[in-house]
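Please read the structure below before turning to the comments.
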Amino acid sequence: MPVPAKKDPASHTPVAIEEETPSIIKETWHSFKKNRLALAGAGIVSLFILLGLLAFFIAPEGINEQKNADRLLPPSSEYWLGTDDFGRDIFSRILHGARLSLTVGFFAVVGSCIAGTFLGVIAGYYGRWLDTLISRMFDILLAFPSILLAIAIVAILGPSLQNALIAIAIINVPTFGRIVRAKVLSLKEEEYIQAALSVGMKDRRILTYHILPNSLAPIIVQGTLCIATAILEAAALGFLGLGAQAPQPEWGRMLSDSRDYLQQAPWTVFFPGIAIMLTVLGFNLMGDGLRDALDPKMKE
Amino acid sequence: MSNHVLEVNDLQTCFSSKEGTIPAVNGITFHVDAGEILGIVGESGCGKSVTSLSVMGLVPSPPGNINGGEILFNGEDLTKATEKRMRKIRGNDIAMIFQEPMTSLNPVYKIGDQLMEGIRIHTKLSKKKAYLQAVDMLELVGLSRVTDLMKSYPHQLSGGMRQRVMIAMAMACDPKLLIADEPTTALDVTIQKQILNLMKNLNEKMDTAIMLITHDLGVVAEMCSRIAVMYSGKVVEEGSVQDIFRDPKHPYTKGLIDSVPDMRVKKDRLYSIPGNVPKPGAIKQGCAFAPRCGQAFSRCAKETPELLETDNGAKVRCWLHHEQ
């Protein structure tokens, strides 16, 4: 059917195509690595991931190895970060705790991201009563202080690390849902969506082919920032005794287990706290950097 | 006549708003013959784009709704077609190109992928064959270095190139009707000329009828065989290009043609039709153009004229010509 064309002479003007087409990932990395703070954040995060992954190999002591003679010892060459009231090595427990905290943070965010994106896309694209229903649902969830809601959910499900994960995932769904919905609403008006409709593309295909990939950037940024909050929330639930249960070396749990010894042995509380702070800071810096790198307006 | 590809009869497309239903297209009637180029001309807001969206079945609903009339495509009424049927027609039988080539392509995909996607919706071609077809189409629309182009992203192309890609995408399935909604408005004049030439070539080569929507009379004079002039959601005059440019019947058409600056006459001020386009639905009674018309008389404000055929086959909606 296509006829070999007699070319339009005017179109032979040389065309400005760059020799190598830079992919979006490459471009993002290029502007991301210029941001020193973001790099530092990414460094902290990777360090903790690495430490968590290798915890079984590099931890000098076992997770729950108790030495009665070595209780509440200050940091020393033998116990780098001191020991707690059971004579357990705090450094080893923090390493193992990294595994728990990061896993909880990651999977909680993945869960809320998938649910939030799904609901947000449906609300934004189909609109009408579906939008009203989903948006009001989000409003209701957001009306509660998030930690209170998490506590309520855990209270229903029963305290455990897994239920804390589920609770954190649930309370973060509206954050993702709203961002995705707003993005979809603006994407829906783009002409290439009209163009896709005008060549006969199905709704579902438009959603997966056009809308989702274009809303990925805000989802990634929000996801990174949300891992930080999720870790913090997991620690808070652990501290309240609703998340990880003793003797799991979850950071929040470690804080609450040792809070009676705050004056006697401040390192028992200090170092798990530092670990929480550093990871959260790392994720926040990295998320901010990603946001700038993915923002087309920030590109030169 | 049976060689009408598209026949629109008394189409009414309304939008509901807080102030009630607003008829954006208010009883429009026209037809496009096989292989011809019909120009639809009118000021902004007279319902040109809504007409084309109605034909494609893409009027956003709600608030939009087709309230009456019929759209016959090869005899099939599209207003009654199911969504599934419409999807088959879109792209395959009727294709559309849009005003803004800068935003009509998805920024996250390569040109080639988008073209192939469009092709593979309607044909069961393998990836390889779709690729070859996409390459063919890009060559057909006069682009060079096509294999490089297939791998580039939309932001690496100029506006003219993107519009060519859009045309390639629209023509990929050999549609019988191409709706071009102000395809050259966003381009500069030299590129505009190239794109129009391309469309005319494709029209002749592939025998695709084109419904060209524009507000540029120069474009119409060059491209089209027939013109329909729209005002306030209605066709006020319809006829061949020669008839309308040589002897415009409706005062609005006359005004439009007079507004085009003439190179041979030196003028300080350009002519413009007094007043503004009325809001759709604002004029309930009489001829919609009457308040701006220099030749209006008492009947114009009371009764709405019909689209009347004149002796040379042109049609006009004006009381002046009913009298004769």
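To be explicit about the labels: the chains of the structure tokens are called A, B, and onward in the order shown, and within each one the residues are counted from 1, while ligands get numbers from 1 in the order they are shown.
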
Subject >> Within 8 Å of B:Lys315 using only C-alpha atoms, minus same-chain residues under 5 positions, as JSON, numbers by chain >> reply: {"B": [236, 237, 238, 239, 307, 308, 309, 310]}

Would you write out those residues with C-alpha atoms, as an mmCIF file, in the first residue's frame?
data_model
loop_
_atom_site.group_PDB
_atom_site.id
_atom_site.type_symbol
_atom_site.label_atom_id
_atom_site.label_comp_id
_atom_site.auth_asym_id
_atom_site.auth_seq_id
_atom_site.Cartn_x
_atom_site.Cartn_y
_atom_site.Cartn_z
ATOM 1 C CA VAL B 236 -23.345 29.399 6.301
ATOM 2 C CA GLU B 237 -21.978 28.857 2.833
ATOM 3 C CA GLU B 238 -20.745 25.913 0.878
ATOM 4 C CA GLY B 239 -19.446 25.671 -2.659
ATOM 5 C CA LEU B 307 -29.177 26.456 3.794
ATOM 6 C CA LEU B 308 -30.444 27.148 0.290
ATOM 7 C CA GLU B 309 -29.032 25.866 -2.949
ATOM 8 C CA THR B 310 -28.241 28.603 -5.469
#

Original post:
Got a sec to tell me which of stretch 242-315 of chain B DSSP assigns to alpha helix (DSSP H), as a list in words?
Top reply: Gln242, Asp243, Ile244, Phe245, Arg246, Pro251, Tyr252, Thr253, Lys254, Gly255, Leu256, Ile257, Asp258, Ser259, Ser298, Arg299, Cys300, Ala301 and Lys302 of chain B

Dump as a PDB file, in the first residue's frame, selection limited to C-alpha atoms:
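Contents of selection29.pdb, as written:
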ATOM      1  CA  GLN B 242     -13.714  29.165  -7.474  1.00  0.00           C
ATOM      2  CA  ASP B 243     -17.324  30.134  -6.800  1.00  0.00           C
ATOM      3  CA  ILE B 244     -16.730  31.185  -3.254  1.00  0.00           C
ATOM      4  CA  PHE B 245     -13.625  33.230  -3.900  1.00  0.00           C
ATOM      5  CA  ARG B 246     -14.975  34.842  -7.076  1.00  0.00           C
ATOM      6  CA  PRO B 251     -21.988  38.576   3.984  1.00  0.00           C
ATOM      7  CA  TYR B 252     -19.823  36.644   6.450  1.00  0.00           C
ATOM      8  CA  THR B 253     -17.826  34.984   3.666  1.00  0.00           C
ATOM      9  CA  LYS B 254     -17.457  38.349   1.998  1.00  0.00           C
ATOM     10  CA  GLY B 255     -16.176  39.787   5.244  1.00  0.00           C
ATOM     11  CA  LEU B 256     -13.681  36.940   5.654  1.00  0.00           C
ATOM     12  CA  ILE B 257     -12.321  37.389   2.148  1.00  0.00           C
ATOM     13  CA  ASP B 258     -12.133  41.159   2.592  1.00  0.00           C
ATOM     14  CA  SER B 259     -10.118  40.671   5.771  1.00  0.00           C
ATOM     15  CA  SER B 298     -35.763  43.000  10.096  1.00  0.00           C
ATOM     16  CA  ARG B 299     -36.344  39.403   9.082  1.00  0.00           C
ATOM     17  CA  CYS B 300     -32.758  38.428   9.926  1.00  0.00           C
ATOM     18  CA  ALA B 301     -33.272  39.034  13.626  1.00  0.00           C
ATOM     19  CA  LYS B 302     -36.480  37.032  13.791  1.00  0.00           C
TER      20      LYS B 302
END

Subject >> Contacts of stretch 125-128 of chain A at 8 Å (only C-alpha atoms; same-chain gap of 5+ positions) as a VMD selection string >> reply: chain A and resid 181 184 to 185 188

Original post:
When the cut-off is 6 Å and we count only C-alpha atoms, which residues of chain B are near chain A, given as a list in words?
Top reply: Arg87, Arg90, Gly91, Thr103, Ser104, Leu105, Asn106, Leu140 and Gly142 of chain B

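Of the residues under consideration (B:Leu11, B:Leu115, B:Leu38, B:Leu53), B:Leu38 shows the shortest atom-to-atom contact distance to B:Ser240 when counting only C-alpha atoms.
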
Original post:
Which of these, A:Phe144, A:Phe56, A:Phe118, A:Trp267, has the shortest distance to A:Asp84 once you count only C-alpha atoms?
Top reply: A:Trp267

Original post:
Given the choices A:Arg99, A:Ala230, A:Leu161, A:Ala69, which gets closest to A:Ser146 if the distance is worked out from only C-alpha atoms?
Top reply: A:Ala230

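With distances restricted to only C-alpha atoms, B:Lys110 is the closest residue to B:Asp148 from B:Lys110, B:Gly286, B:Met171, B:Arg162.
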
**OP:** Tell me which protein, DNA and RNA residues are within 12 Å of stretch 277-280 of chain B, counting only C-alpha atoms, leaving out same-chain ones fewer than 6 positions away, and put them as a ChimeraX atom specification.
**Re:** /B:12-17,19-26,42-47,50,230-234,252,287-293

Take the residues from that selection and put them in a file with C-alpha atoms, as a PDB file, in the first residue's frame.
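Writing done, so here's out03.pdb:
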ATOM      1  CA  GLN B  12     -25.740  18.744  16.913  1.00  0.00           C
ATOM      2  CA  THR B  13     -23.020  18.443  19.505  1.00  0.00           C
ATOM      3  CA  CYS B  14     -23.722  20.068  22.837  1.00  0.00           C
ATOM      4  CA  PHE B  15     -21.710  20.638  25.967  1.00  0.00           C
ATOM      5  CA  SER B  16     -23.448  20.821  29.284  1.00  0.00           C
ATOM      6  CA  SER B  17     -22.194  23.458  31.670  1.00  0.00           C
ATOM      7  CA  GLU B  19     -25.284  27.752  32.370  1.00  0.00           C
ATOM      8  CA  GLY B  20     -27.149  24.926  30.676  1.00  0.00           C
ATOM      9  CA  THR B  21     -26.481  23.046  27.464  1.00  0.00           C
ATOM     10  CA  ILE B  22     -24.389  24.918  24.970  1.00  0.00           C
ATOM     11  CA  PRO B  23     -24.646  23.857  21.349  1.00  0.00           C
ATOM     12  CA  ALA B  24     -21.073  24.031  20.011  1.00  0.00           C
ATOM     13  CA  VAL B  25     -22.168  22.475  16.749  1.00  0.00           C
ATOM     14  CA  ASN B  26     -25.733  23.401  15.936  1.00  0.00           C
ATOM     15  CA  GLY B  42     -14.312  29.728  10.252  1.00  0.00           C
ATOM     16  CA  GLU B  43     -13.203  31.874  13.146  1.00  0.00           C
ATOM     17  CA  SER B  44     -12.026  30.429  16.455  1.00  0.00           C
ATOM     18  CA  GLY B  45     -14.894  29.009  18.450  1.00  0.00           C
ATOM     19  CA  CYS B  46     -17.271  28.403  15.580  1.00  0.00           C
ATOM     20  CA  GLY B  47     -17.265  24.647  16.151  1.00  0.00           C
ATOM     21  CA  VAL B  50     -15.843  19.943  17.729  1.00  0.00           C
ATOM     22  CA  MET B 230     -18.819  27.815   9.361  1.00  0.00           C
ATOM     23  CA  TYR B 231     -20.242  30.411  11.653  1.00  0.00           C
ATOM     24  CA  SER B 232     -21.530  29.818  15.177  1.00  0.00           C
ATOM     25  CA  GLY B 233     -21.914  26.057  14.798  1.00  0.00           C
ATOM     26  CA  LYS B 234     -23.564  26.128  11.393  1.00  0.00           C
ATOM     27  CA  TYR B 252     -19.823  36.644   6.450  1.00  0.00           C
ATOM     28  CA  CYS B 287     -29.545  34.481  11.885  1.00  0.00           C
ATOM     29  CA  ALA B 288     -26.508  34.158  14.149  1.00  0.00           C
ATOM     30  CA  PHE B 289     -24.548  36.600  12.029  1.00  0.00           C
ATOM     31  CA  ALA B 290     -27.235  39.272  11.949  1.00  0.00           C
ATOM     32  CA  PRO B 291     -25.823  41.414  14.814  1.00  0.00           C
ATOM     33  CA  ARG B 292     -22.535  41.820  12.925  1.00  0.00           C
ATOM     34  CA  CYS B 293     -23.954  41.954   9.425  1.00  0.00           C
TER      35      CYS B 293
END
